[in-house]
$ cat entry_9.txt   # compact mmCIF, C-alpha atoms
# COMPACT_ATOMS: atom_id res chain seq x y z
CA VAL A 1 -27.69 -32.25 -32.51
CA LEU A 2 -28.96 -28.90 -33.82
CA TYR A 3 -28.13 -30.01 -37.35
CA GLY A 4 -30.11 -33.22 -36.75
CA VAL A 5 -33.10 -31.21 -35.49
CA ILE A 6 -33.05 -29.06 -38.64
CA LYS A 7 -32.68 -32.11 -40.89
CA TRP A 8 -35.63 -33.91 -39.23
CA ARG A 9 -37.99 -30.91 -39.13
CA LYS A 10 -40.30 -32.23 -41.90
CA SER A 11 -40.79 -35.64 -40.31
CA SER A 12 -44.13 -36.60 -38.71
CA THR A 13 -42.31 -37.50 -35.48
CA PHE A 14 -40.46 -34.17 -35.29
CA TRP A 15 -42.61 -32.40 -32.69
CA PHE A 16 -42.87 -35.47 -30.50
CA LEU A 17 -39.07 -35.81 -30.38
CA VAL A 18 -38.53 -32.07 -29.84
CA MET A 19 -41.04 -32.01 -26.97
CA ALA A 20 -39.42 -35.11 -25.42
CA LEU A 21 -36.03 -33.41 -25.75
CA GLY A 22 -37.26 -30.17 -24.17
CA ILE A 23 -39.19 -31.77 -21.30
CA GLY A 24 -36.38 -34.25 -20.66
CA TYR A 25 -33.81 -31.45 -20.48
CA PHE A 26 -35.95 -29.22 -18.25
CA VAL A 27 -36.64 -31.96 -15.70
CA SER A 28 -33.14 -33.47 -15.83
CA LYS A 29 -31.40 -30.16 -15.11
CA GLY A 30 -33.04 -30.16 -11.68
CA THR A 31 -33.04 -26.88 -9.75
CA ASN A 32 -30.66 -25.15 -12.15
CA PRO A 33 -31.89 -22.00 -13.96
CA PRO A 34 -34.17 -21.18 -15.61
CA LEU A 35 -37.16 -21.78 -13.27
CA GLY A 36 -35.77 -25.06 -11.91
CA LYS A 37 -35.88 -24.19 -8.21
CA LYS A 38 -39.41 -22.76 -8.42
CA PHE A 39 -40.70 -25.67 -10.49
CA PHE A 40 -39.40 -28.38 -8.14
CA SER A 41 -40.45 -26.57 -4.96
CA ILE A 42 -44.06 -26.45 -6.28
CA LEU A 43 -43.85 -30.04 -7.55
CA PHE A 44 -42.60 -31.45 -4.22
CA ARG A 45 -45.33 -29.64 -2.28
CA LEU A 46 -48.00 -30.76 -4.73
CA ASN A 47 -47.63 -34.47 -3.98
CA PRO A 48 -45.03 -36.45 -1.99
CA ILE A 49 -44.76 -38.96 -4.83
CA PHE A 50 -42.76 -36.37 -6.80
CA GLN A 51 -39.99 -36.68 -4.20
CA SER A 52 -38.89 -39.59 -6.38
CA LEU A 53 -37.53 -36.95 -8.79
CA ARG A 54 -34.80 -35.87 -6.36
CA ASN A 55 -31.50 -36.00 -8.29
CA PRO A 56 -33.60 -36.02 -11.50
CA TYR A 57 -30.76 -36.57 -13.98
CA GLU A 58 -30.17 -40.03 -12.52
CA LYS A 59 -33.85 -40.96 -12.78
CA PHE A 60 -35.19 -38.92 -15.71
CA GLY A 61 -32.03 -38.41 -17.75
CA LEU A 62 -32.93 -41.21 -20.16
CA ALA A 63 -36.00 -39.24 -21.30
CA PHE A 64 -33.59 -36.49 -22.39
CA LEU A 65 -30.86 -38.75 -23.80
CA LEU A 66 -33.09 -40.83 -26.09
CA PRO A 67 -34.26 -37.95 -28.36
CA TYR A 68 -30.85 -36.28 -27.97
CA SER A 69 -29.10 -39.44 -29.23
CA PHE A 70 -31.54 -39.70 -32.15
CA PHE A 71 -30.94 -36.12 -33.31
CA PHE A 72 -27.19 -36.55 -32.79
CA ALA A 73 -27.18 -39.68 -34.98
CA VAL A 74 -29.21 -37.95 -37.72
CA GLY A 75 -26.94 -34.90 -37.61
CA ILE A 76 -23.66 -36.81 -37.67
CA THR A 77 -24.85 -39.17 -40.43
CA THR A 78 -25.94 -36.24 -42.60
CA MET A 79 -22.64 -34.45 -42.03
CA ILE A 80 -20.63 -37.54 -43.00
CA GLU A 81 -22.67 -37.93 -46.21
CA ARG A 82 -22.08 -34.26 -47.08
CA ILE A 83 -18.35 -34.60 -46.43
CA ARG A 84 -18.14 -37.72 -48.64
CA LYS A 85 -19.76 -35.84 -51.53
CA ALA A 86 -17.82 -32.61 -51.00
CA GLN A 87 -15.14 -31.50 -53.47
CA TYR A 88 -12.60 -31.08 -50.67
CA ARG A 89 -13.68 -34.13 -48.73
CA TYR A 90 -10.23 -35.06 -47.39
CA PRO A 91 -9.51 -31.67 -45.79
CA ALA A 92 -13.10 -31.63 -44.53
CA ALA A 93 -12.67 -35.10 -43.00
CA ILE A 94 -9.41 -34.03 -41.30
CA LEU A 95 -11.00 -30.83 -40.00
CA SER A 96 -14.03 -32.75 -38.69
CA SER A 97 -11.77 -35.28 -36.97
CA ILE A 98 -9.85 -32.47 -35.24
CA VAL A 99 -13.11 -30.94 -34.05
CA PHE A 100 -14.68 -34.20 -32.85
CA PHE A 101 -11.63 -35.92 -31.39
CA ILE A 102 -9.52 -33.00 -30.09
CA ILE A 103 -11.45 -29.75 -29.66
CA LEU A 104 -14.79 -31.03 -28.31
CA PRO A 105 -13.25 -33.51 -25.81
CA LEU A 106 -10.45 -31.04 -24.93
CA PRO A 107 -11.20 -31.19 -21.15
CA PHE A 108 -10.38 -34.91 -21.21
CA TRP A 109 -7.02 -34.17 -22.83
CA THR A 110 -6.18 -31.33 -20.43
CA GLY A 111 -7.52 -33.05 -17.31
CA ASN A 112 -10.02 -30.27 -16.56
CA VAL A 113 -13.02 -32.61 -16.73
CA PHE A 114 -14.51 -31.17 -13.52
CA GLY A 115 -14.19 -27.49 -14.45
CA THR A 116 -11.48 -24.99 -15.40
CA GLU A 117 -8.16 -24.24 -13.77
CA GLN A 118 -9.80 -21.25 -12.05
CA SER A 119 -12.95 -23.09 -10.91
CA ASN A 120 -12.57 -26.85 -10.64
CA ALA A 121 -14.72 -29.33 -8.70
CA LYS A 122 -11.84 -31.80 -8.50
CA VAL A 123 -10.38 -32.12 -5.01
CA VAL A 124 -7.28 -33.73 -3.56
CA VAL A 125 -7.92 -35.63 -0.33
CA PRO A 126 -5.22 -34.79 2.26
CA GLU A 127 -2.81 -37.63 3.00
CA TYR A 128 -3.64 -37.70 6.71
CA TYR A 129 -7.00 -39.34 5.92
CA ALA A 130 -5.18 -42.39 4.55
CA ALA A 131 -2.78 -42.29 7.51
CA ALA A 132 -5.71 -42.21 9.98
CA ASN A 133 -7.39 -45.06 8.13
CA GLN A 134 -4.22 -47.18 8.33
CA TYR A 135 -3.85 -46.40 12.03
CA ILE A 136 -7.44 -47.41 12.86
CA ASN A 137 -7.14 -50.53 10.69
CA LYS A 138 -4.46 -51.84 13.05
CA ASP A 139 -7.37 -52.62 15.34
CA SER A 140 -8.88 -55.87 14.05
CA SER A 141 -12.18 -55.37 15.92
CA ASP A 142 -15.31 -54.33 14.02
CA GLY A 143 -16.14 -51.22 16.05
CA ARG A 144 -17.62 -48.40 14.00
CA ILE A 145 -16.31 -44.85 13.53
CA LEU A 146 -18.46 -41.86 14.48
CA MET A 147 -17.63 -38.67 12.57
CA LEU A 148 -17.75 -35.49 14.65
CA PRO A 149 -19.13 -32.88 14.79
CA MET A 150 -22.33 -34.65 13.76
CA ILE A 151 -24.62 -33.26 11.06
CA ASP A 152 -28.41 -33.61 10.91
CA GLY A 153 -28.44 -34.34 7.18
CA ASP A 154 -26.03 -35.73 4.61
CA GLY A 155 -24.28 -32.66 3.16
CA LYS A 156 -20.87 -31.43 4.26
CA HIS A 157 -18.30 -28.73 3.50
CA LEU A 158 -14.66 -29.66 4.14
CA LYS A 159 -11.88 -27.09 3.82
CA TRP A 160 -8.82 -28.81 2.38
CA LYS A 161 -5.46 -27.34 1.43
CA ASP A 162 -5.77 -28.02 -2.31
CA GLY A 163 -9.44 -27.08 -2.62
CA ASP A 164 -12.71 -27.23 -0.70
CA TYR A 165 -15.02 -30.21 -0.83
CA TRP A 166 -18.77 -29.61 -1.06
CA GLY A 167 -21.14 -32.55 -1.21
CA ILE A 168 -22.34 -35.71 0.50
CA GLU A 169 -20.41 -36.56 3.67
CA PRO A 170 -17.51 -38.58 2.16
CA SER A 171 -16.02 -40.47 5.14
CA GLU A 172 -17.45 -43.85 4.10
CA TYR A 173 -15.19 -43.66 1.01
CA LEU A 174 -12.10 -42.62 2.99
CA PHE A 175 -12.16 -45.23 5.77
CA ASP A 176 -12.40 -49.01 5.61
CA LYS A 177 -14.32 -49.51 8.84
CA SER A 178 -18.06 -48.87 9.03
CA ILE A 179 -18.79 -45.14 9.28
CA ILE A 180 -21.59 -43.34 11.10
CA GLY A 181 -21.58 -39.80 9.81
CA LYS A 182 -24.85 -38.84 8.10
CA ILE A 183 -28.47 -39.82 7.59
CA TYR A 184 -29.32 -42.44 4.94
CA ARG A 185 -33.11 -41.95 4.91
CA THR A 186 -33.64 -45.42 6.31
CA PRO A 187 -36.05 -45.40 9.28
CA TYR A 188 -34.28 -47.35 12.06
CA TYR A 189 -30.76 -46.13 11.32
CA ASP A 190 -31.80 -42.48 11.00
CA GLU A 191 -33.82 -42.68 14.21
CA LYS A 192 -30.77 -43.83 16.17
CA TYR A 193 -28.40 -41.45 14.39
CA LEU A 194 -30.57 -38.38 15.02
CA GLN A 195 -31.12 -39.47 18.63
CA LEU A 196 -27.35 -39.52 19.13
CA TYR A 197 -27.10 -36.16 17.35
CA LYS A 198 -29.65 -34.69 19.77
CA TYR A 199 -27.81 -36.20 22.77
CA PHE A 200 -24.63 -34.44 21.66
CA LYS A 201 -26.51 -31.17 21.21
CA ASP A 202 -28.21 -31.43 24.61
CA LYS A 203 -25.07 -32.78 26.29
CA LYS A 204 -26.83 -35.91 27.53
CA ASP A 205 -25.21 -39.23 28.41
CA ILE A 206 -24.18 -40.79 25.08
CA ASN A 207 -22.58 -43.99 26.38
CA SER A 208 -25.59 -46.29 26.01
CA LEU A 209 -26.16 -45.14 22.42
CA LEU A 210 -22.47 -45.51 21.55
CA ASP A 211 -22.63 -49.07 22.82
CA GLU A 212 -25.92 -49.83 21.07
CA MET A 213 -24.61 -48.49 17.77
CA HIS A 214 -21.32 -50.35 18.30
CA ILE A 215 -19.20 -47.21 18.01
CA LYS A 216 -15.60 -47.64 19.13
CA TYR A 217 -13.87 -44.67 17.50
CA LEU A 218 -14.98 -41.05 17.64
CA LEU A 219 -13.18 -38.89 15.12
CA ILE A 220 -13.27 -35.09 15.26
CA ASN A 221 -12.73 -33.72 11.77
CA TYR A 222 -11.37 -30.18 12.07
CA ASP A 223 -11.67 -29.73 8.29
CA SER A 224 -15.46 -29.41 8.73
CA VAL A 225 -16.92 -25.96 7.99
CA PRO A 226 -20.23 -24.91 9.63
CA ASP A 227 -21.55 -22.69 6.77
CA GLY A 228 -24.65 -21.80 8.78
CA THR A 229 -25.57 -25.46 9.33
CA SER A 230 -26.43 -27.15 12.62
CA LEU A 231 -22.85 -28.40 12.96
CA GLN A 232 -21.88 -28.37 16.63
CA HIS A 233 -18.89 -26.25 17.69
CA PHE A 234 -15.58 -28.09 18.02
CA LYS A 235 -15.05 -26.87 21.58
CA GLU A 236 -18.40 -28.28 22.69
CA VAL A 237 -17.60 -31.68 21.16
CA GLU A 238 -14.15 -31.71 22.76
CA GLU A 239 -15.66 -30.87 26.15
CA ILE A 240 -18.22 -33.69 25.89
CA LEU A 241 -15.54 -36.25 25.01
CA LYS A 242 -13.02 -35.11 27.61
CA ASN A 243 -15.63 -35.12 30.38
CA ASN A 244 -16.67 -38.69 29.58
CA ASN A 245 -14.80 -41.23 31.72
CA TYR A 246 -15.29 -43.98 29.12
CA ILE A 247 -13.84 -41.98 26.22
CA LYS A 248 -10.08 -41.51 25.94
CA HIS A 249 -8.03 -39.50 23.50
CA ASP A 250 -6.03 -41.83 21.26
CA LYS A 251 -4.10 -39.93 18.60
CA LYS A 252 -4.16 -36.82 16.43
CA ILE A 253 -3.27 -37.24 12.77
CA GLY A 254 -3.33 -34.05 10.71
CA ASN A 255 -6.68 -32.37 11.28
CA LEU A 256 -8.25 -35.61 12.53
CA ASP A 257 -8.48 -36.17 16.29
CA ILE A 258 -9.11 -39.81 17.22
CA TYR A 259 -10.86 -40.86 20.46
CA GLN A 260 -11.80 -44.33 21.69
CA PHE A 261 -14.93 -45.45 23.51
CA GLN A 262 -13.66 -47.95 26.06
CA ASN A 263 -16.93 -49.38 27.37
CA LEU A 264 -18.03 -51.22 24.22
CA SER A 265 -19.85 -54.49 24.76
CA PRO A 266 -18.94 -57.50 22.59
CA LYS A 267 -21.17 -57.46 19.52
CA ILE A 268 -23.49 -60.43 19.05
CA LYS A 269 -23.69 -61.59 15.44
CA GLY A 270 -26.75 -60.17 13.72
CA GLU A 271 -27.27 -57.52 16.38
CA GLY A 272 -26.86 -53.77 16.10
CA VAL A 273 -27.81 -50.91 13.83
$ encode --input "entry_9.txt" --output "structure tokens"
Amino acid sequence: VLYGVIKWRKSSTFWFLVMALGIGYFVSKGTNPPLGKKFFSILFRLNPIFQSLRNPYEKFGLAFLLPYSFFFAVGITTMIERIRKAQYRYPAAILSSIVFFIILPLPFWTGNVFGTEQSNAKVVVPEYYAAANQYINKDSSDGRILMLPMIDGDGKHLKWKDGDYWGIEPSEYLFDKSIIGKIYRTPYYDEKYLQLYKYFKDKKDINSLLDEMHIKYLLINYDSVPDGTSLQHFKEVEEILKNNNYIKHDKKIGNLDIYQFQNLSPKIKGEGV
């Protein structure tokens, strides 16, 4: 890419493409340094419309990739032409192939695509999640699963044996039945979810909301880590469930404790959250 930038420096479109590359990169990198966090905090306060730039690489990444791809194509084409005209073109071609197909994509060959051996974002989901999913799937009803302790957002930290998970609450990808475990930024759903969250916090009667949201299973995930969030303490959640006459303990699988709500009304088609 750098070689393509140098090669194209005398073109009339050079500064336009360089500016598009720079602006595209700066916006796409999000809150990462330099100045990313400050820039986006000012931008979001300036006008709510800029909230559309949350997760900017997904929405603005094309503005970075278009000039990047152009400079890459110019650079690689120029390099190939130089190699073809070089005196030692065959060794140069072999060396270039090693660089492009082995050294640069080395993480794909070693499996360290998500980081290094010392710091890797790849996680291994414990087997008891699949076991809990299979156990709950034995029930053919369509009752939903409520993940506990509840969170008032969508981010979660799970402490697993082979590495911690940090990110969006992942239960919807680990269980086949419908999951209630985070906000989705959709008005009616979030209103009901946060109401139930508040009922748990204030230790109010949750039965009517469990029925309205068609929740049959309540699953305490002891892998959850508070990290200074508003995550309710495990003991408080256990106390609420054990003191509820309509909620019975079903089974514990690994670090997942499964409870059942036994006062669920039959769901009418088209009704519910």
$ atom_distance --input "entry_9.txt" --atom1 "CA of Asp190 in chain A" --atom2 "CA of Arg45 in chain A"
22.9 Å
$ atom_distance --input "entry_9.txt" --atom1 "CA of Phe50 in chain A" --atom2 "CA of Gly24 in chain A"
15.4 Å
$ closest_atom_pairs --input "entry_9.txt" --of "range 96-169 of chain A" --to "range 235-253 of chain A" --cutoff "12 Å" --atoms "all atoms listed in the file" --output "JSON lines"
{"residue": "A:Pro126", "atom": "CA", "partner": "A:Ile253", "partner_atom": "CA", "distance": 11.0}
{"residue": "A:Glu127", "atom": "CA", "partner": "A:Ile253", "partner_atom": "CA", "distance": 9.8}
{"residue": "A:Tyr128", "atom": "CA", "partner": "A:Ile253", "partner_atom": "CA", "distance": 6.1}
{"residue": "A:Tyr129", "atom": "CA", "partner": "A:Ile253", "partner_atom": "CA", "distance": 8.1}
{"residue": "A:Ala130", "atom": "CA", "partner": "A:Ile253", "partner_atom": "CA", "distance": 9.9}
{"residue": "A:Ala131", "atom": "CA", "partner": "A:Ile253", "partner_atom": "CA", "distance": 7.3}
{"residue": "A:Ala132", "atom": "CA", "partner": "A:Ile253", "partner_atom": "CA", "distance": 6.2}
{"residue": "A:Asn133", "atom": "CA", "partner": "A:Ile253", "partner_atom": "CA", "distance": 10.0}
{"residue": "A:Gln134", "atom": "CA", "partner": "A:Ile253", "partner_atom": "CA", "distance": 10.9}
{"residue": "A:Tyr135", "atom": "CA", "partner": "A:Ile253", "partner_atom": "CA", "distance": 9.2}
{"residue": "A:Ile136", "atom": "CA", "partner": "A:Lys251", "partner_atom": "CA", "distance": 10.0}
{"residue": "A:Met147", "atom": "CA", "partner": "A:Val237", "partner_atom": "CA", "distance": 11.1}
{"residue": "A:Leu148", "atom": "CA", "partner": "A:Val237", "partner_atom": "CA", "distance": 7.5}
{"residue": "A:Pro149", "atom": "CA", "partner": "A:Val237", "partner_atom": "CA", "distance": 6.7}
{"residue": "A:Met150", "atom": "CA", "partner": "A:Val237", "partner_atom": "CA", "distance": 9.3}
$ write_last_selection --input "entry_9.txt" --atoms "C-alpha atoms" --output "PDB file, in the coordinates of the input"
ATOM      1  CA  PRO A 126      -5.220 -34.790   2.260  1.00  0.00           C
ATOM      2  CA  GLU A 127      -2.810 -37.630   3.000  1.00  0.00           C
ATOM      3  CA  TYR A 128      -3.640 -37.700   6.710  1.00  0.00           C
ATOM      4  CA  TYR A 129      -7.000 -39.340   5.920  1.00  0.00           C
ATOM      5  CA  ALA A 130      -5.180 -42.390   4.550  1.00  0.00           C
ATOM      6  CA  ALA A 131      -2.780 -42.290   7.510  1.00  0.00           C
ATOM      7  CA  ALA A 132      -5.710 -42.210   9.980  1.00  0.00           C
ATOM      8  CA  ASN A 133      -7.390 -45.060   8.130  1.00  0.00           C
ATOM      9  CA  GLN A 134      -4.220 -47.180   8.330  1.00  0.00           C
ATOM     10  CA  TYR A 135      -3.850 -46.400  12.030  1.00  0.00           C
ATOM     11  CA  ILE A 136      -7.440 -47.410  12.860  1.00  0.00           C
ATOM     12  CA  MET A 147     -17.630 -38.670  12.570  1.00  0.00           C
ATOM     13  CA  LEU A 148     -17.750 -35.490  14.650  1.00  0.00           C
ATOM     14  CA  PRO A 149     -19.130 -32.880  14.790  1.00  0.00           C
ATOM     15  CA  MET A 150     -22.330 -34.650  13.760  1.00  0.00           C
TER      16      MET A 150
END
$ atom_distance --input "entry_9.txt" --atom1 "CA of Val225 in chain A" --atom2 "CA of Lys159 in chain A"
6.6 Å
$ residues_around --input "entry_9.txt" --residues "Ile80 in chain A" --least-positions-apart "6" --cutoff "10 Å" --atoms "only C-alpha atoms" --output "VMD selection string"
chain A and resid 86 89 92 to 93 96
$ residues_near_point --input "entry_9.txt" --point "(-9.4, -35.7, 16.7)" --cutoff "6 Å" --atoms "all atoms listed in the file" --output "count of residues only"
6
$ closest_atom_pairs --input "entry_9.txt" --of "range 207-249 of chain A" --to "range 173-179 of chain A" --cutoff "12 Å" --atoms "all atoms listed in the file" --output "tab-separated table"
residue	atom	partner	partner_atom	distance
A:Met213	CA	A:Ile179	CA	10.8
A:His214	CA	A:Ser178	CA	9.9
A:Ile215	CA	A:Ile179	CA	9.0
A:Lys216	CA	A:Ser178	CA	10.5
A:Tyr217	CA	A:Ile179	CA	9.6
A:Leu218	CA	A:Ile179	CA	10.1
A:Leu219	CA	A:Ile179	CA	10.2
$ closest_residue --input "entry_9.txt" --among "A:Ser28, A:Ser208, A:Asn263, A:Thr13" --to "Lys59 in chain A" --atoms "all atoms listed in the file"
A:Ser28
$ closest_residue --input "entry_9.txt" --among "A:Arg54, A:Arg84, A:Lys38, A:Arg9" --to "Phe71 in chain A" --atoms "all atoms listed in the file"
A:Arg9
